[in-house]
Structure formats: C-alpha cells, structure tokens
>>> print(open('start_12.tsv').read())   # TSV, C-alpha atoms
chain	number	residue	atom	x	y	z
A	1	MET	CA	45.26	51.74	68.38
A	2	GLU	CA	43.40	55.01	68.56
A	3	ALA	CA	44.64	58.60	68.51
A	4	GLY	CA	46.59	59.38	71.66
A	5	ASP	CA	47.20	55.75	72.65
A	6	VAL	CA	50.72	55.04	73.93
A	7	ARG	CA	52.24	51.57	73.88
A	8	ARG	CA	55.55	49.98	74.74
A	9	VAL	CA	57.29	48.44	71.72
A	10	THR	CA	57.41	44.68	72.21
A	11	ALA	CA	58.34	43.59	68.68
A	12	GLY	CA	61.59	41.69	68.48
A	13	ASP	CA	63.84	42.29	71.48
A	14	CYS	CA	63.18	46.03	71.76
A	15	THR	CA	63.57	47.65	75.17
A	16	ASP	CA	63.20	51.19	76.51
A	17	LEU	CA	60.97	52.11	73.59
A	18	TYR	CA	57.42	53.50	73.34
A	19	TYR	CA	55.26	54.86	70.54
A	20	VAL	CA	52.19	57.04	70.32
A	21	ASP	CA	49.45	57.23	67.72
A	22	THR	CA	49.43	60.94	66.93
A	23	GLY	CA	46.05	60.83	65.18
A	24	MET	CA	47.56	62.29	62.03
A	25	TYR	CA	44.93	63.35	59.49
A	26	ASP	CA	42.29	62.39	62.07
A	27	THR	CA	43.15	58.81	61.08
A	28	ALA	CA	44.00	56.02	63.49
A	29	GLU	CA	47.17	53.99	62.89
A	30	TYR	CA	48.65	56.38	60.35
A	31	GLY	CA	51.21	58.50	62.23
A	32	SER	CA	53.49	57.40	65.06
A	33	VAL	CA	56.22	59.08	67.10
A	34	TYR	CA	58.69	57.06	69.17
A	35	VAL	CA	60.19	57.70	72.62
A	36	VAL	CA	63.52	56.13	73.61
A	37	ASP	CA	63.85	56.11	77.41
A	38	ASP	CA	67.58	56.26	78.08
A	39	GLU	CA	70.20	58.37	79.88
A	40	ARG	CA	69.63	60.98	77.18
A	41	PRO	CA	65.94	60.47	76.38
A	42	ALA	CA	64.95	60.94	72.76
A	43	ILE	CA	61.98	61.16	70.48
A	44	VAL	CA	62.18	60.09	66.85
A	45	ASP	CA	60.11	62.30	64.53
A	46	THR	CA	57.51	64.77	65.74
A	47	GLY	CA	54.31	64.38	63.70
A	48	ILE	CA	52.66	67.26	61.87
A	49	GLY	CA	52.48	69.61	64.85
A	50	THR	CA	48.74	69.28	65.23
A	51	ASN	CA	48.00	67.66	68.59
A	52	TYR	CA	51.70	67.66	69.51
A	53	GLU	CA	50.50	67.39	73.12
A	54	ARG	CA	50.05	63.68	72.41
A	55	VAL	CA	53.81	63.39	72.03
A	56	LEU	CA	54.26	65.11	75.39
A	57	ALA	CA	51.79	62.62	76.86
A	58	ALA	CA	53.92	59.79	75.46
A	59	LEU	CA	56.94	61.25	77.23
A	60	GLU	CA	54.97	61.30	80.45
A	61	GLU	CA	53.94	57.67	79.94
A	62	ALA	CA	57.61	56.77	79.53
A	63	GLY	CA	58.48	58.66	82.70
A	64	VAL	CA	60.35	61.45	80.91
A	65	ALA	CA	59.67	65.04	81.96
A	66	PRO	CA	59.74	67.65	79.16
A	67	GLU	CA	62.85	69.30	80.61
A	68	GLU	CA	64.59	65.90	80.65
A	69	LEU	CA	64.21	65.29	76.91
A	70	ALA	CA	67.68	65.56	75.37
A	71	VAL	CA	67.15	64.62	71.71
A	72	ILE	CA	64.57	65.32	69.04
A	73	ALA	CA	65.73	63.21	66.08
A	74	VAL	CA	64.04	64.11	62.80
A	75	THR	CA	64.25	61.57	59.98
A	76	HIS	CA	63.45	64.20	57.35
A	77	VAL	CA	61.76	67.58	57.14
A	78	HIS	CA	58.49	66.67	55.42
A	79	LEU	CA	55.92	68.11	57.77
A	80	ASP	CA	54.31	64.79	58.64
A	81	HIS	CA	57.65	63.98	60.30
A	82	ALA	CA	59.01	67.38	61.33
A	83	GLY	CA	56.02	69.69	61.62
A	84	GLY	CA	56.00	69.44	65.41
A	85	ALA	CA	59.71	70.11	65.88
A	86	GLY	CA	59.35	73.78	66.77
A	87	PHE	CA	56.48	73.19	69.18
A	88	LEU	CA	58.26	70.33	70.93
A	89	ALA	CA	61.56	72.22	71.09
A	90	ASP	CA	59.70	75.03	72.86
A	91	ALA	CA	58.00	72.62	75.28
A	92	CYS	CA	61.23	70.69	75.93
A	93	PRO	CA	63.81	73.45	76.49
A	94	ASN	CA	66.86	71.21	76.87
A	95	ALA	CA	66.33	69.10	73.77
A	96	GLU	CA	68.68	69.35	70.82
A	97	VAL	CA	67.10	68.87	67.38
A	98	TYR	CA	69.07	66.58	65.06
A	99	VAL	CA	68.39	66.63	61.31
A	100	HIS	CA	70.24	65.88	58.09
A	101	GLU	CA	72.38	68.78	56.93
A	102	ARG	CA	70.24	69.27	53.81
A	103	GLY	CA	67.11	69.81	55.90
A	104	ALA	CA	68.41	71.99	58.71
A	105	ARG	CA	67.58	75.33	57.11
A	106	HIS	CA	63.95	74.28	56.72
A	107	LEU	CA	63.60	73.73	60.46
A	108	ALA	CA	65.12	77.13	61.21
A	109	ASP	CA	62.83	78.78	58.65
A	110	PRO	CA	59.93	76.50	57.69
A	111	SER	CA	58.16	79.04	55.45
A	112	ARG	CA	59.18	77.44	52.13
A	113	LEU	CA	58.42	74.00	53.52
A	114	TRP	CA	54.95	75.16	54.54
A	115	GLU	CA	54.21	76.51	51.06
A	116	GLY	CA	55.55	73.35	49.42
A	117	THR	CA	53.45	71.16	51.68
A	118	LYS	CA	50.30	73.05	50.74
A	119	ARG	CA	51.02	72.35	47.09
A	120	ALA	CA	51.80	68.68	47.72
A	121	VAL	CA	48.88	67.69	49.95
A	122	GLY	CA	46.10	69.90	48.56
A	123	ASP	CA	43.05	70.21	50.75
A	124	GLN	CA	44.56	67.86	53.32
A	125	ILE	CA	46.50	70.91	54.55
A	126	GLU	CA	43.57	71.59	56.87
A	127	PHE	CA	44.86	68.78	59.10
A	128	TYR	CA	48.20	70.56	59.52
A	129	THR	CA	49.34	73.38	61.74
A	130	GLU	CA	51.77	75.95	60.34
A	131	PRO	CA	55.11	74.98	61.91
A	132	ASP	CA	57.06	77.06	64.36
A	133	PRO	CA	60.76	77.56	63.64
A	134	VAL	CA	63.41	75.79	65.67
A	135	PRO	CA	66.04	78.17	67.07
A	136	GLU	CA	69.22	77.77	65.03
A	137	ASP	CA	71.36	77.26	68.13
A	138	ARG	CA	69.25	74.21	69.01
A	139	ILE	CA	69.80	72.47	65.64
A	140	THR	CA	72.56	69.91	65.13
A	141	GLU	CA	73.24	68.90	61.54
A	142	ILE	CA	73.99	65.24	60.90
A	143	THR	CA	75.05	63.24	57.88
A	144	ASP	CA	75.52	59.62	56.88
A	145	GLY	CA	77.25	57.58	59.58
A	146	ASP	CA	76.80	60.04	62.42
A	147	ALA	CA	75.65	58.55	65.73
A	148	ILE	CA	73.57	60.22	68.42
A	149	ASP	CA	74.65	58.75	71.76
A	150	LEU	CA	71.72	58.21	74.12
A	151	GLY	CA	73.46	55.97	76.69
A	152	GLU	CA	72.55	52.31	76.29
A	153	HIS	CA	71.18	53.12	72.86
A	154	ALA	CA	72.44	55.11	69.90
A	155	LEU	CA	70.73	56.46	66.83
A	156	VAL	CA	73.01	55.85	63.85
A	157	ALA	CA	72.06	57.89	60.79
A	158	HIS	CA	72.04	56.29	57.35
A	159	HIS	CA	71.34	58.64	54.45
A	160	ALA	CA	68.30	57.46	52.49
A	161	PRO	CA	67.59	60.09	49.81
A	162	GLY	CA	65.14	58.21	47.56
A	163	HIS	CA	62.04	59.62	49.25
A	164	ALA	CA	63.64	63.01	49.90
A	165	PRO	CA	67.27	64.22	49.75
A	166	HIS	CA	67.19	65.18	53.45
A	167	GLN	CA	66.00	61.78	54.69
A	168	VAL	CA	67.90	59.50	57.04
A	169	VAL	CA	66.90	56.30	58.74
A	170	PHE	CA	68.09	55.77	62.31
A	171	GLU	CA	69.52	52.42	63.33
A	172	ASP	CA	69.32	51.44	67.01
A	173	PRO	CA	71.88	48.60	67.26
A	174	ALA	CA	71.01	47.80	70.89
A	175	ASN	CA	67.44	47.03	69.81
A	176	ASP	CA	68.44	45.52	66.44
A	177	ALA	CA	65.89	47.91	65.02
A	178	VAL	CA	65.64	50.67	62.42
A	179	PHE	CA	63.41	53.74	62.44
A	180	THR	CA	62.50	53.54	58.77
A	181	ALA	CA	61.19	57.05	58.09
A	182	ASP	CA	59.56	56.61	54.65
A	183	ALA	CA	62.35	54.46	53.20
A	184	ALA	CA	60.40	51.22	53.72
A	185	GLY	CA	56.98	52.53	52.73
A	186	ILE	CA	53.87	52.54	54.89
A	187	TRP	CA	53.10	49.60	57.12
A	188	VAL	CA	49.34	49.06	57.52
A	189	PRO	CA	48.90	46.79	60.56
A	190	SER	CA	45.15	46.29	60.19
A	191	ILE	CA	45.60	44.55	56.81
A	192	ASP	CA	49.16	43.25	57.36
A	193	GLU	CA	50.49	44.97	54.23
A	194	VAL	CA	53.22	47.40	53.24
A	195	ARG	CA	52.17	50.16	50.84
A	196	GLU	CA	53.97	52.66	48.64
A	197	THR	CA	54.76	56.25	49.51
A	198	THR	CA	55.87	58.33	46.49
A	199	PRO	CA	54.99	61.99	47.09
A	200	PRO	CA	56.08	64.89	44.90
A	201	PRO	CA	58.33	66.58	44.14
A	202	GLN	CA	61.48	64.61	45.00
A	203	PHE	CA	60.56	60.92	44.82
A	204	ASP	CA	63.16	58.96	42.84
A	205	LEU	CA	62.53	55.28	42.10
A	206	GLU	CA	66.12	54.12	41.66
A	207	ALA	CA	67.27	55.90	44.82
A	208	ALA	CA	64.25	54.61	46.77
A	209	LEU	CA	65.03	51.05	45.71
A	210	ALA	CA	68.66	51.58	46.75
A	211	ASP	CA	67.44	52.77	50.16
A	212	ALA	CA	65.30	49.66	50.58
A	213	GLU	CA	68.21	47.45	49.55
A	214	MET	CA	70.43	49.24	52.08
A	215	LEU	CA	67.91	48.36	54.76
A	216	VAL	CA	67.81	44.74	53.60
A	217	ALA	CA	71.61	44.57	53.93
A	218	MET	CA	71.39	45.90	57.50
A	219	GLU	CA	69.25	42.86	58.44
A	220	PRO	CA	67.33	44.52	61.30
A	221	GLU	CA	65.07	42.35	63.40
A	222	THR	CA	62.49	45.09	63.90
A	223	LEU	CA	61.23	47.90	61.69
A	224	LEU	CA	59.87	51.02	63.37
A	225	PHE	CA	57.58	52.70	60.87
A	226	ALA	CA	56.54	56.32	61.17
A	227	HIS	CA	53.47	55.16	59.22
A	228	PHE	CA	52.65	53.05	61.24
A	229	GLY	CA	54.16	51.33	64.22
A	230	PRO	CA	56.65	48.53	64.99
A	231	VAL	CA	56.76	45.18	63.23
A	232	GLU	CA	59.26	42.36	62.88
A	233	ALA	CA	61.08	42.72	59.56
A	234	ASP	CA	60.51	39.14	58.32
A	235	GLY	CA	60.88	39.81	54.58
A	236	LEU	CA	58.97	43.10	54.53
A	237	LEU	CA	61.85	45.06	53.03
A	238	THR	CA	62.20	42.75	50.05
A	239	GLU	CA	58.42	42.87	49.65
A	240	TYR	CA	58.55	46.66	49.56
A	241	THR	CA	60.93	46.71	46.59
A	242	ASP	CA	58.32	44.73	44.66
A	243	VAL	CA	55.46	46.95	45.84
A	244	LEU	CA	57.32	50.09	44.80
A	245	THR	CA	58.38	48.77	41.40
A	246	ASP	CA	54.89	47.47	40.61
A	247	TRP	CA	53.28	50.77	41.66
A	248	VAL	CA	55.52	52.95	39.48
A	249	GLY	CA	55.02	50.56	36.57
A	250	ALA	CA	51.24	50.71	36.95
A	251	VAL	CA	51.23	54.53	36.89
A	252	GLU	CA	53.55	54.59	33.89
A	253	ARG	CA	51.34	52.18	31.93
A	254	LYS	CA	48.17	54.07	32.76
A	255	ARG	CA	49.76	57.34	31.65
A	256	ALA	CA	50.66	55.75	28.30
A	257	GLU	CA	47.10	54.49	27.96
A	258	LEU	CA	45.24	57.67	28.90
A	259	ASP	CA	47.74	60.35	27.83
A	260	ASP	CA	46.23	62.75	30.37
A	261	ASP	CA	47.75	63.18	33.82
A	262	GLY	CA	44.54	64.36	35.42
A	263	ALA	CA	42.79	61.24	34.17
A	264	VAL	CA	45.63	59.09	35.51
A	265	VAL	CA	45.25	60.59	38.98
A	266	ASP	CA	41.48	60.18	38.82
A	267	HIS	CA	41.79	56.53	37.76
A	268	PHE	CA	43.90	55.51	40.74
A	269	VAL	CA	41.86	57.60	43.16
A	270	GLU	CA	38.67	55.89	42.02
A	271	HIS	CA	40.22	52.43	42.32
A	272	THR	CA	42.01	52.71	45.64
A	273	SER	CA	41.25	49.99	48.15
A	274	MET	CA	42.59	51.94	51.12
A	275	ASP	CA	39.33	53.74	51.87
A	276	ARG	CA	38.34	50.66	53.89
A	277	VAL	CA	41.35	51.33	56.15
A	278	TRP	CA	41.89	55.10	56.28
A	279	GLY	CA	38.47	56.33	55.20
A	280	GLU	CA	37.59	57.70	51.80
A	281	ARG	CA	39.03	61.19	52.15
A	282	LYS	CA	42.46	60.24	53.47
A	283	ALA	CA	42.79	57.25	51.13
A	284	ARG	CA	41.94	59.31	48.07
A	285	GLY	CA	44.20	62.18	49.09
A	286	GLU	CA	47.11	59.82	49.75
A	287	THR	CA	46.61	58.06	46.42
A	288	ALA	CA	46.44	61.30	44.44
A	289	MET	CA	49.63	62.56	46.08
A	290	ASN	CA	51.46	59.31	45.36
A	291	VAL	CA	50.40	59.32	41.72
A	292	ARG	CA	51.56	62.92	41.28
A	293	GLY	CA	54.92	61.98	42.77
A	294	VAL	CA	55.40	59.17	40.26
A	295	LEU	CA	54.33	61.40	37.37
A	296	ALA	CA	56.89	64.01	38.43
A	297	TYR	CA	59.56	61.31	38.58
A	298	LEU	CA	58.63	60.06	35.09
A	299	ASP	CA	58.82	63.61	33.76
A	300	ARG	CA	62.35	63.97	35.08
A	301	GLU	CA	63.31	60.62	33.58
A	302	ASP	CA	61.93	61.74	30.21
A	303	GLY	CA	63.63	65.12	30.46
A	304	ALA	CA	60.27	66.91	30.41
>>> encode(input="start_12.tsv", output="structure tokens")
Amino acid sequence: MEAGDVRRVTAGDCTDLYYVDTGMYDTAEYGSVYVVDDERPAIVDTGIGTNYERVLAALEEAGVAPEELAVIAVTHVHLDHAGGAGFLADACPNAEVYVHERGARHLADPSRLWEGTKRAVGDQIEFYTEPDPVPEDRITEITDGDAIDLGEHALVAHHAPGHAPHQVVFEDPANDAVFTADAAGIWVPSIDEVRETTPPPQFDLEAALADAEMLVAMEPETLLFAHFGPVEADGLLTEYTDVLTDWVGAVERKRAELDDDGAVVDHFVEHTSMDRVWGERKARGETAMNVRGVLAYLDREDGA
C-alpha cells in the first residue's frame, strides 16, 4: 500500500471494515486507521493529525459522510494514535470520542502530551501537527470491559497498560478480531515479521507481556494493527512475547557491556535492519526511541 490507499479488510471473516494508510512519517505501511461501517459508523484511532484528510477519504470510500460518523475510538493518547482526534471531531460534528479514563484529560488539553511527544520522538516531531483539543462534552471515558455499541458490531475495551497506562485494545466479536493498538507490537507486512515497540517513558516489560498473553487468551482470528494493517493471528501473539523479551534482554546486555547509554542507543541505531523497510531516517529514529524506552524501564527496575 501507499499513503492514502484505502482497502477493505479481507483477513479472516471480517466484514464492514476498511483501513487507510495514513502515510505516517512519510512512510508507507506504517500507520493505519480503521473504519467500521455499521449503524453507528466508527473509526478506530486517528493517526498523528498530519494528513487527517486521508481518514476522511477513507470514510467516503466506505460510504460514510462526515456528519454520519458516530464514534471515534482512541486506543490510547500517544499522538501517533490520537493526534488527529481534535481535527476529526471538528470535521465530524456528531462523533463522540471514546478514550480510556486515564487519557481523557490529554485529549481535552493536549499541551502536555505535545511537549512529551517532542521529547520522545526527537527530530521526528517535524512529521507531526500540534493537536487540536477535543471539546470536553464530546469525550466519553471508558474503562476495562466497556462496550461501544455500533449495531451489528461492538468495540469491547480491554485495558492493556504495558505500552501506556491509558491504552486499551478493542475487541470486535462479530469479526472475531482485535484492534491491537501497540499491545501486539508492530506488524511489518513487507517482511512478514512482528517487531517491538517500547517507547519512553511508560513502557513496562512485565505489563506488556501480560497484555500479549491476554490477547493470546482471547484467541482472535484476526489482528488489526495500527502499525500496520490486518493479518490473521496464526501464532503472531506468542511470537511477539519472544520478540519483546529478546529485545529487552539485548538492550540490557549491551548496557552492561558498554556502560554508556548514549553508546547503547548508537549501537542499536547503527545495526538496525529496518532501514530497508522504512528508510534510514525512520528506522533509526524508531530504534533510538525503542532503546530509550527500554533503558527507562531498566532504570525503574533498578530503582535509579
């Protein structure tokens, strides 16, 4: 897929479901937003806000007018998932924005989130747009077990705090599918691999593994990755627990060897293989962010 492409989800037995490549970070097959075409049409996640018109184009492709959109379901408030919420709420005046109760205040006032994102992503912030706030009276707080009724479909929230304390995954029982947020890592369709995502400052290994195990227990047929796209589950969730554990272990060993966090970041940046997929700049930026997230986790574990 290329930026702006819209496709119907055909993995598993999914129906009434589309996704768009948002062109996040000017990178193909990195960021996706989903449209559920139902009695109460919904989108799941919003992208970073930049080029949010591509999400509106996906609605049009699904036959949903902006004023017909009823639900904007945000898996968590990191800006690569929620940065477009304010823009889309403005363009879709009848849509209610659903978000975990721990993230709601950041949608109403995204100023702290914007500053934190700048620290986390470094010079990649140039790909972002400063988010617009969502009016408080348009925000509905959700928690674990809450269900958003769409008609034939529902979005059932399952709290998944390992990546961030405000993260949920949404289960769509009618499609036997789960919108994985970042709880199952990053699916890279061009190389048929799942990769780690461990950004600072809130990544927690034990909680992230518990989230992945929760998804395994749900036994979904289809995984709907925000990064990137739909795929049949087929053992991927169990594979991700190994990927995540191996990644954290590699960073921990390299820190013990080099005893210099800057050198640890530089080592993994220089040895990333993802530049062949995402291009050098995005691959290196992603790797550096993931290493910093693991280092912050190790510091907390050590009581530093």
>>> atom_distance(input="start_12.tsv", atom1="CA of Asp38 in chain A", atom2="CA of Ala183 in chain A")
25.5 Å
>>> closest_atom_pairs(input="start_12.tsv", of="range 37-119 of chain A", to="range 158-169 of chain A", cutoff="9 Å", atoms="all atoms listed in the file", output="JSON lines")
{"residue": "A:Val74", "atom": "CA", "partner": "A:Val168", "partner_atom": "CA", "distance": 8.3}
{"residue": "A:Thr75", "atom": "CA", "partner": "A:Val168", "partner_atom": "CA", "distance": 5.1}
{"residue": "A:His76", "atom": "CA", "partner": "A:Gln167", "partner_atom": "CA", "distance": 4.4}
{"residue": "A:Val77", "atom": "CA", "partner": "A:His166", "partner_atom": "CA", "distance": 7.0}
{"residue": "A:His78", "atom": "CA", "partner": "A:Ala164", "partner_atom": "CA", "distance": 8.4}
{"residue": "A:Val99", "atom": "CA", "partner": "A:His166", "partner_atom": "CA", "distance": 8.1}
{"residue": "A:His100", "atom": "CA", "partner": "A:His166", "partner_atom": "CA", "distance": 5.6}
{"residue": "A:Glu101", "atom": "CA", "partner": "A:His166", "partner_atom": "CA", "distance": 7.2}
{"residue": "A:Arg102", "atom": "CA", "partner": "A:His166", "partner_atom": "CA", "distance": 5.1}
{"residue": "A:Gly103", "atom": "CA", "partner": "A:His166", "partner_atom": "CA", "distance": 5.2}
{"residue": "A:Ala104", "atom": "CA", "partner": "A:His166", "partner_atom": "CA", "distance": 8.7}
>>> closest_residue(input="start_12.tsv", among="A:Leu295, A:Leu237, A:Val264, A:Ala65", to="Glu193 in chain A", atoms="only C-alpha atoms")
A:Leu237
>>> closest_residue(input="start_12.tsv", among="A:Glu136, A:Gly116, A:Ala57, A:Ile125", to="Gly86 in chain A", atoms="only C-alpha atoms")
A:Glu136
>>> residues_around(input="start_12.tsv", residues="Glu270 in chain A", least_positions_apart="4", cutoff="12 Å", atoms="all atoms listed in the file", output="PDB file with C-alpha atoms, in the coordinates of the input")
ATOM      1  CA  ALA A 263      42.790  61.240  34.170  1.00  0.00           C
ATOM      2  CA  VAL A 264      45.630  59.090  35.510  1.00  0.00           C
ATOM      3  CA  VAL A 265      45.250  60.590  38.980  1.00  0.00           C
ATOM      4  CA  ASP A 266      41.480  60.180  38.820  1.00  0.00           C
ATOM      5  CA  MET A 274      42.590  51.940  51.120  1.00  0.00           C
ATOM      6  CA  ASP A 275      39.330  53.740  51.870  1.00  0.00           C
ATOM      7  CA  GLU A 280      37.590  57.700  51.800  1.00  0.00           C
ATOM      8  CA  ARG A 281      39.030  61.190  52.150  1.00  0.00           C
ATOM      9  CA  ALA A 283      42.790  57.250  51.130  1.00  0.00           C
ATOM     10  CA  ARG A 284      41.940  59.310  48.070  1.00  0.00           C
ATOM     11  CA  GLY A 285      44.200  62.180  49.090  1.00  0.00           C
ATOM     12  CA  THR A 287      46.610  58.060  46.420  1.00  0.00           C
ATOM     13  CA  ALA A 288      46.440  61.300  44.440  1.00  0.00           C
TER      14      ALA A 288
END
>>> closest_residue(input="start_12.tsv", among="A:Gly23, A:Gly49, A:Pro131, A:Gly235", to="Glu213 in chain A", atoms="all atoms listed in the file")
A:Gly235
>>> closest_residue(input="start_12.tsv", among="A:Thr180, A:Thr46, A:Glu219, A:Asp5", to="Glu61 in chain A", atoms="all atoms listed in the file")
A:Asp5
>>> atom_distance(input="start_12.tsv", atom1="CA of Leu56 in chain A", atom2="CA of Gly151 in chain A")
21.3 Å
>>> atom_distance(input="start_12.tsv", atom1="CA of Ala207 in chain A", atom2="CA of Ile142 in chain A")
19.8 Å
>>> residues_around(input="start_12.tsv", residues="Asp192 in chain A", least_positions_apart="5", cutoff="12 Å", atoms="only C-alpha atoms", output="PDB file with C-alpha atoms, in the coordinates of the input")
ATOM      1  CA  ILE A 186      53.870  52.540  54.890  1.00  0.00           C
ATOM      2  CA  TRP A 187      53.100  49.600  57.120  1.00  0.00           C
ATOM      3  CA  PHE A 228      52.650  53.050  61.240  1.00  0.00           C
ATOM      4  CA  GLY A 229      54.160  51.330  64.220  1.00  0.00           C
ATOM      5  CA  PRO A 230      56.650  48.530  64.990  1.00  0.00           C
ATOM      6  CA  VAL A 231      56.760  45.180  63.230  1.00  0.00           C
ATOM      7  CA  GLU A 232      59.260  42.360  62.880  1.00  0.00           C
ATOM      8  CA  LEU A 236      58.970  43.100  54.530  1.00  0.00           C
ATOM      9  CA  VAL A 277      41.350  51.330  56.150  1.00  0.00           C
TER      10      VAL A 277
END
>>> closest_residue(input="start_12.tsv", among="A:Glu141, A:Glu130, A:Asp302, A:Asp172", to="Val156 in chain A", atoms="all atoms listed in the file")
A:Asp172
>>> residues_around(input="start_12.tsv", residues="Gly249 in chain A", least_positions_apart="2", cutoff="12 Å", atoms="only C-alpha atoms", output="PyMOL selection string")
chain A and resi 205+242-247+251-256+291+294-295+297-298
>>> closest_residue(input="start_12.tsv", among="A:Val55, A:Arg112, A:His267, A:Gly279", to="Ala91 in chain A", atoms="only C-alpha atoms")
A:Val55
>>> axis_aligned_box(input="start_12.tsv", around="range 146-149 of chain A", padding_each_side="3 Å", output="lines of an AutoDock Vina configuration file")
center_x = 75.2
center_y = 59.4
center_z = 67.1
size_x = 9.2
size_y = 7.7
size_z = 15.3
